[in-house]
Amino acid sequence: MRREIAVLPLLAAVIFGGFFLWGLNPDRDPSEIPSVLISQPAPEFDLGPVDGVDRPGLSRSDLVSNDRAVVVNVFASWCVPCRAEHAVLTRLVERDGIRLFGINYKDKAEDAAKWLSDLGNPYERIGSDLTGRTGIEWGLSGVPETFIVDGNGVVLFRYVGPVVGPEAEARFMQALEQAGAIQTEAGS
Amino acid sequence: MKRLLLALALSLVPIAAGAVEPDEMLADPALEARAREISKDLRCVVCQNQDIDSSNAGVARDLRLLVRERLLAGGSDAEVIEFIRARYGDYVLLKPPLEPSTYALWFAPVALILFGLLAGVIVLSRNRKPEAVSALNEDDEKAVSEFLKRSDAGDAS
């Protein structure tokens, strides 16, 4: 009996040590919010175009019958990180042939139009979400956020924050490859 | 005078309402009270650990408006919370639901307290009754008497 009790401190140390190992892991982001959308169909929404931008609006029906996975990026002209991310997304469209849809979140039409004419417009379609209601449907916690949606409208991946920097871009590229969002020779 | 009183009364509203702005409030005080209660159980997804009722974040405001919109549409408290939960997951609830994945969260404190009490009781009850000196058993008795005999004979080794 006494021998068994002697194991208890060791056991406690192992349990707490394991907990700390998990809790203090620098790769763990405690503020990361798990998305309920992953592996779920994209939410119902129907957004009109942004005034002054020559791209059609975006609705759920545009996401359900695509030849390959597409990227849905939530952005705004007032969002500073979006500016940095814009260059990355443009490169992905031009170099890797991803199909990019945009949701313009709580933005003034003229600001968005100016932003896009200044920086270029890599988006195939842009829906204007003035009220932020569609953002809620997507479980948005801020801008930018980027989703990968497969050809049938099922959400595969969510990236919170700007896809900027080697680490973020590598993670996003990997997700794009796994989702089959990158244009292949055969598909082009 | 009436206007002044109204202005004074309105100036108190923000204090009473935290982050809830006057234009968000519902005309029906009963519904508004329900909305406030629901908002206190919903987490702001931007400024985590704050409920949306007291958060000034844009998304929190949108969610507050959504809660009121659903209440006006005739939803029950549970339906409104479920509506938000369907979009943001369990994470949005400040009080996590009781389900297998949260058993540890809910029961670990109770289990640890019980374990501590049990350990305490065992240790204390042991100390209470010191071991009574029992009589030697037969084998011991024999060994001792033999030893004594031998030492009497002058051969103690």
# chains A, B, ... in the order shown; residues from 1 in each chain; ligands from 1
call {"tool": "closest_atom_pairs", "arguments": {"of": "chain A", "to": "chain B", "cutoff": "8 Å", "atoms": "only C-alpha atoms", "output": "tab-separated table"}}
result
residue	atom	partner	partner_atom	distance
A:Ser31	CA	B:Gln48	CA	7.6
A:Ile33	CA	B:Tyr91	CA	7.0
A:Pro34	CA	B:Tyr91	CA	7.5
A:Ser35	CA	B:Tyr88	CA	6.8
A:Val36	CA	B:Gly89	CA	5.4
A:Leu37	CA	B:Arg87	CA	7.6
A:Gly132	CA	B:Asp62	CA	7.1
A:Arg133	CA	B:Asp62	CA	7.5
A:Ile136	CA	B:Arg87	CA	6.9
A:Glu137	CA	B:Arg87	CA	6.0
A:Trp138	CA	B:Arg87	CA	6.8
A:Gly139	CA	B:Tyr88	CA	5.1
A:Ser141	CA	B:Val45	CA	5.6
A:Gly142	CA	B:Val46	CA	7.1
call {"tool": "residues_around", "arguments": {"residues": "Leu156 (chain A)", "least_positions_apart": "4", "cutoff": "6 Å", "atoms": "only C-alpha atoms", "output": "PyMOL selection string"}}
result
chain A and resi 38-39+148-149
call {"tool": "closest_residue", "arguments": {"among": "A:Val70, A:Ile126, A:Leu11, A:Ala112", "to": "Leu100 (chain A)", "atoms": "only C-alpha atoms"}}
result
A:Val70
call {"tool": "residues_around", "arguments": {"residues": "Lys114 (chain A)", "least_positions_apart": "4", "cutoff": "12 Å", "atoms": "only C-alpha atoms", "output": "mmCIF file with N, CA and C atoms, in the first residue's frame"}}
result
data_model
loop_
_atom_site.group_PDB
_atom_site.id
_atom_site.type_symbol
_atom_site.label_atom_id
_atom_site.label_comp_id
_atom_site.auth_asym_id
_atom_site.auth_seq_id
_atom_site.Cartn_x
_atom_site.Cartn_y
_atom_site.Cartn_z
ATOM 1 N N VAL A 50 -21.031 45.306 -55.745
ATOM 2 C CA VAL A 50 -20.605 46.601 -55.204
ATOM 3 C C VAL A 50 -20.807 47.641 -56.295
ATOM 4 N N ASP A 51 -21.487 48.732 -55.968
ATOM 5 C CA ASP A 51 -21.726 49.783 -56.959
ATOM 6 C C ASP A 51 -20.406 50.319 -57.483
ATOM 7 N N GLY A 52 -20.298 50.410 -58.789
ATOM 8 C CA GLY A 52 -19.110 50.999 -59.385
ATOM 9 C C GLY A 52 -17.998 49.987 -59.613
ATOM 10 N N VAL A 53 -18.264 48.712 -59.340
ATOM 11 C CA VAL A 53 -17.261 47.677 -59.609
ATOM 12 C C VAL A 53 -17.873 46.728 -60.636
ATOM 13 N N ALA A 76 -12.236 44.322 -46.811
ATOM 14 C CA ALA A 76 -12.813 45.660 -46.758
ATOM 15 C C ALA A 76 -11.710 46.665 -47.041
ATOM 16 N N SER A 77 -12.091 47.799 -47.601
ATOM 17 C CA SER A 77 -11.065 48.795 -47.933
ATOM 18 C C SER A 77 -10.509 49.439 -46.664
ATOM 19 N N TRP A 78 -11.324 49.418 -45.574
ATOM 20 C CA TRP A 78 -10.875 50.037 -44.333
ATOM 21 C C TRP A 78 -9.965 49.108 -43.524
ATOM 22 N N ASP A 107 -18.506 47.910 -46.133
ATOM 23 C CA ASP A 107 -17.642 48.868 -46.818
ATOM 24 C C ASP A 107 -18.506 49.819 -47.624
ATOM 25 N N LYS A 108 -18.043 51.051 -47.758
ATOM 26 C CA LYS A 108 -18.744 51.983 -48.645
ATOM 27 C C LYS A 108 -18.378 51.622 -50.077
ATOM 28 N N ALA A 109 -19.379 51.642 -50.950
ATOM 29 C CA ALA A 109 -19.163 51.208 -52.336
ATOM 30 C C ALA A 109 -18.051 52.014 -52.999
ATOM 31 N N GLU A 110 -18.067 53.336 -52.795
ATOM 32 C CA GLU A 110 -17.060 54.156 -53.500
ATOM 33 C C GLU A 110 -15.652 53.857 -52.964
ATOM 34 N N ASP A 118 -7.265 50.976 -57.403
ATOM 35 C CA ASP A 118 -5.870 51.287 -57.058
ATOM 36 C C ASP A 118 -5.006 50.028 -57.057
ATOM 37 N N LEU A 119 -5.525 48.971 -56.440
ATOM 38 C CA LEU A 119 -4.696 47.784 -56.200
ATOM 39 C C LEU A 119 -4.875 46.711 -57.262
ATOM 40 N N GLY A 120 -5.927 46.829 -58.059
ATOM 41 C CA GLY A 120 -6.243 45.770 -59.003
ATOM 42 C C GLY A 120 -7.352 44.899 -58.450
ATOM 43 N N ASN A 121 -8.048 44.210 -59.364
ATOM 44 C CA ASN A 121 -9.196 43.419 -58.931
ATOM 45 C C ASN A 121 -9.036 41.960 -59.326
#
call {"tool": "atom_distance", "arguments": {"atom1": "CA of Val71 (chain A)", "atom2": "CA of Phe147 (chain A)"}}
result
5.7 Å
call {"tool": "select_by_dssp", "arguments": {"residues": "region 83-157 of chain A", "states": "strand (DSSP E)", "output": "list in words"}}
result
Leu100, Phe101, Gly102, Ile103, Asn104, Tyr105, Arg125, Ile126, Gly127, Ser128, Asp129, Glu145, Thr146, Phe147, Ile148, Val149, Val155, Leu156 and Phe157 of chain A
call {"tool": "write_last_selection", "arguments": {"atoms": "N, CA and C atoms", "output": "CSV table (one decimal), in the first residue's frame"}}
result
chain,number,residue,atom,x,y,z
A,100,LEU,N,-11.1,33.2,-57.3
A,100,LEU,CA,-11.3,34.0,-56.1
A,100,LEU,C,-12.6,34.7,-56.1
A,101,PHE,N,-13.4,34.5,-55.1
A,101,PHE,CA,-14.6,35.3,-54.9
A,101,PHE,C,-14.4,36.2,-53.7
A,102,GLY,N,-15.1,37.3,-53.7
A,102,GLY,CA,-14.9,38.3,-52.6
A,102,GLY,C,-16.2,38.6,-51.9
A,103,ILE,N,-16.1,38.8,-50.6
A,103,ILE,CA,-17.3,39.4,-49.9
A,103,ILE,C,-16.7,40.7,-49.3
A,104,ASN,N,-17.3,41.8,-49.8
A,104,ASN,CA,-16.9,43.1,-49.3
A,104,ASN,C,-17.7,43.5,-48.1
A,105,TYR,N,-16.9,43.5,-46.9
A,105,TYR,CA,-17.6,43.5,-45.6
A,105,TYR,C,-17.7,44.9,-45.1
A,125,ARG,N,-16.1,37.5,-58.6
A,125,ARG,CA,-17.3,38.0,-58.2
A,125,ARG,C,-17.1,38.7,-56.9
A,126,ILE,N,-17.9,39.8,-56.6
A,126,ILE,CA,-17.8,40.4,-55.3
A,126,ILE,C,-19.2,40.7,-54.8
A,127,GLY,N,-19.5,40.2,-53.6
A,127,GLY,CA,-20.8,40.6,-53.0
A,127,GLY,C,-20.6,41.6,-52.0
A,128,SER,N,-21.5,42.6,-51.9
A,128,SER,CA,-21.4,43.6,-51.0
A,128,SER,C,-22.2,43.3,-49.7
A,129,ASP,N,-21.6,43.2,-48.6
A,129,ASP,CA,-22.2,42.9,-47.3
A,129,ASP,C,-22.2,44.1,-46.5
A,145,GLU,N,-10.9,37.3,-43.5
A,145,GLU,CA,-11.0,35.9,-43.3
A,145,GLU,C,-11.1,35.3,-44.7
A,146,THR,N,-10.6,34.1,-44.8
A,146,THR,CA,-10.6,33.4,-46.1
A,146,THR,C,-11.0,32.0,-46.0
A,147,PHE,N,-11.9,31.6,-46.9
A,147,PHE,CA,-12.4,30.2,-46.9
A,147,PHE,C,-12.1,29.5,-48.2
A,148,ILE,N,-11.9,28.2,-48.1
A,148,ILE,CA,-11.8,27.4,-49.3
A,148,ILE,C,-13.1,26.6,-49.4
A,149,VAL,N,-13.8,26.7,-50.5
A,149,VAL,CA,-15.0,26.0,-50.6
A,149,VAL,C,-14.9,25.0,-51.8
A,155,VAL,N,-17.6,23.8,-47.3
A,155,VAL,CA,-16.5,24.6,-46.8
A,155,VAL,C,-15.4,23.6,-46.3
A,156,LEU,N,-14.2,23.8,-46.8
A,156,LEU,CA,-13.1,22.9,-46.5
A,156,LEU,C,-12.1,23.5,-45.5
A,157,PHE,N,-11.9,24.8,-45.5
A,157,PHE,CA,-10.9,25.4,-44.8
A,157,PHE,C,-11.2,26.8,-44.5
call {"tool": "select_by_dssp", "arguments": {"residues": "chain B", "states": "alpha helix (DSSP H)", "output": "ChimeraX atom specification"}}
result
/B:2-17,29-40,58-72,77-88,103-128,138-152
call {"tool": "atom_distance", "arguments": {"atom1": "CA of Leu47 (chain A)", "atom2": "CA of Ser59 (chain A)"}}
result
5.6 Å
call {"tool": "atom_distance", "arguments": {"atom1": "CA of Ala69 (chain A)", "atom2": "CA of Gly180 (chain A)"}}
result
6.0 Å
call {"tool": "closest_residue", "arguments": {"among": "A:Val72, A:Val7, A:Ile98, A:Val154", "to": "Pro41 (chain A)", "atoms": "only C-alpha atoms"}}
result
A:Val154
call {"tool": "closest_residue", "arguments": {"among": "A:Ala42, A:Val88, A:Thr184, A:Glu94", "to": "Pro166 (chain A)", "atoms": "only C-alpha atoms"}}
result
A:Val88
